[in-house]
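Engineer: Below is a structure I'd like to ask you about.
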Amino acid sequence: MLIRKQTGIEIPSSEITPEHIYFSRRAFMTGAAAAAGAAALAACAPKTDLSGAGSVSRTDLPAATPAVIAGQTDELGDPLTSFEDVTNYNNFYEFSTSKEAVAGKAADFPTSPWQVAVTGMARNPGVFSIEDLRARFDQEERIYRMRCVEGWSMVIPWLGFPLAALLKEVEPAADARYVRFETVYDPDNMPGQNSPFFRWPYVEGLRLDEAMNDLTLLSTGLYGKELLPQNGAPLRLVVPWKYGFKGIKSIVKIELTDEMPESLWMAAAPNEYGFYANVNPEVSHPRWSQATERRIGEGGRRPTLPFNGYGEQVAALYAGMDLAANF
Ligand SMILES: Nc1nc2c(c(=O)[nH]1)N[C@H]1C(S)=C(S)[C@@H](COP(=O)(O)O)O[C@H]1N2
Ligand SMILES: [Mo]
């Protein structure tokens with residue numbers, strides 16, 4: 001078994017990057033890479049100086065919420081999370097396990113030119129440049145909640161197009177059942193990919209019917225602007241009824257397959273992270289409850305909704321399934 005029971009060290013129960021604290025400690029305790037483990041632990045020490053680290057360093061970016069977006073809410077009436085928070089509080093382990101450090105470290109990540117291969121069990125596979133994708137598919141704005149498995153959430157105005165539109169174009173073969181996604185492998189520009197504690201590149205997967213659901217988005221932007229590197233430029237997945245880690249960033253490969261893909265998180269901790277990862281307040285993570293969440297920018301905690309509030313649109317996908325066993 002991969003995950004050892006930890007004893008003798010208090011693991012903070014706060015929502016602040018429990019994964020990386022845990023995984024860093026695990027690596028540290030195996031003694032296999034003590035120096036690297038110590039470095040990883042250092043990365044999660046409290047930051048005394050955040051100036052620069054989290055700030056957007058490009059000049060062509062909006063300094064604040066564009067007027068067209070201001071005042072908008074999600075369909076439940078909750079306000080958008082600020083552009084500042086959406087672009088400076090990020091999980092993207094390829095750059096850093098510190099959420100506040102990702103934006104700074106990703107600022108110069110090259111996202112052009114960029115190609116996405118759509119391969120596997122399809123009658124009409126292809127390689128698309130990001131420009132192709134933008135030209136071929138109308139970009140829509142979708143305001144979605146994003147619930148991280150760590151117990152925090154945001155409301156984000158995405159730009160993008162339904163994954164279904166792209167899949168229809170490549171025509172999945174009759175026996176294709178799953179879609180497997182891969183992030184770019186670029187360790188020269190993604191320092192985190194030199195870490196031996198994860199199996200790179202980041203991989204995620206969906207069942208084909210989940211992938212075809214209209215809520216499932218391939219995002220190219222947010223807040224009316226092109227995606228920044230920290231949010232997964234130039235193309236990332238958004239699956240709003242699932243935990244945020246399903247929203248794989250900086251995608252270069254989309255493969256149709258008849259086998260359930262094994263994600264990076266499933267490989268790292270199969271007892272903690274399943275394939276489905278549907279937001280479910282009744283199924284605890286082995287190390288914390290999922291009953292409530294902290295909305296970034298808000299005080300206190302609020303109840304977590306089944307399927308993150310999208311049950312009407314997606315519950316039927318799981319009719320008859322045991323959602324505790326298929327977590
Ligand atoms: N390639 C890649 N994709 C990733 C991650 C990552 O570390 N690497 N983190 C995931 C997690 S845990 C979350 S919560 C969301 C965060 O997206 P955001 O930073 O745009 O809010 O991205 C997801 N996609
Ligand atoms: Mo997450």
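Ligands are numbered from 1 in the order shown, chains are lettered A, B, ... in the order of the structure tokens, and residues start at 1 in each chain.
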Region 110-157 of chain A: which residues are strand (DSSP E) by DSSP, as a PyMOL selection string?
Structural biologist: chain A and resi 115-120+126-129+140-147+152-157
Engineer: Check which residues fall inside 7 Å of ligand 1 when counting only C-alpha atoms and all ligand atoms, and print them as JSON, numbers by chain.
Structural biologist: {"A": [86, 89, 90, 91, 92, 93, 94, 147, 148, 149, 183, 202, 230, 231, 232, 244, 245, 246, 247, 248, 249, 250]}
Engineer: Given the choices A:Glu171, A:Glu150, A:Glu255, A:Glu262, which gets closest to ligand 2 if the distance is worked out from only C-alpha atoms and all ligand atoms?
Structural biologist: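 Ranked by minimum distance to ligand 2, first place goes to A:Glu150.
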Engineer: For ligand 2, which residue among A:Thr73, A:Thr220, A:Thr304, A:Thr97 is the nearest when counting only C-alpha atoms and all ligand atoms?
Structural biologist: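 Smallest distance to ligand 2 is found for A:Thr97.
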Engineer: Set the distance at 12 Å and use only C-alpha atoms: which residues neighbour Ser219 (chain A) once local chain neighbours fewer than 6 positions away are removed? I'd like the list as a ChimeraX atom specification.
Structural biologist: /A:130,133-134,137-144,156-163,225-228,231-240,247-251
Engineer: A:Gly120, A:Pro125, A:Pro110, A:Pro286: which is nearest Asp188 (chain A), counting only C-alpha atoms?
Structural biologist: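 Nearest candidate to Asp188 (chain A) out of A:Gly120, A:Pro125, A:Pro110, A:Pro286: A:Pro110.
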Engineer: May I ask which of the residues A:Arg123, A:Lys242, A:Arg295, A:Arg177 is the closest one to ligand 2, counting only C-alpha atoms and all ligand atoms?
Structural biologist: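 Among A:Arg123, A:Lys242, A:Arg295, A:Arg177, it is A:Lys242 that comes nearest to ligand 2.
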Engineer: Measuring atom to atom with only C-alpha atoms and all ligand atoms, identify which of A:Ala268, A:Trp152, A:Val118, A:Ser263 is nearest to ligand 2.
Structural biologist: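 Of all the options, A:Trp152 lies closest to ligand 2.
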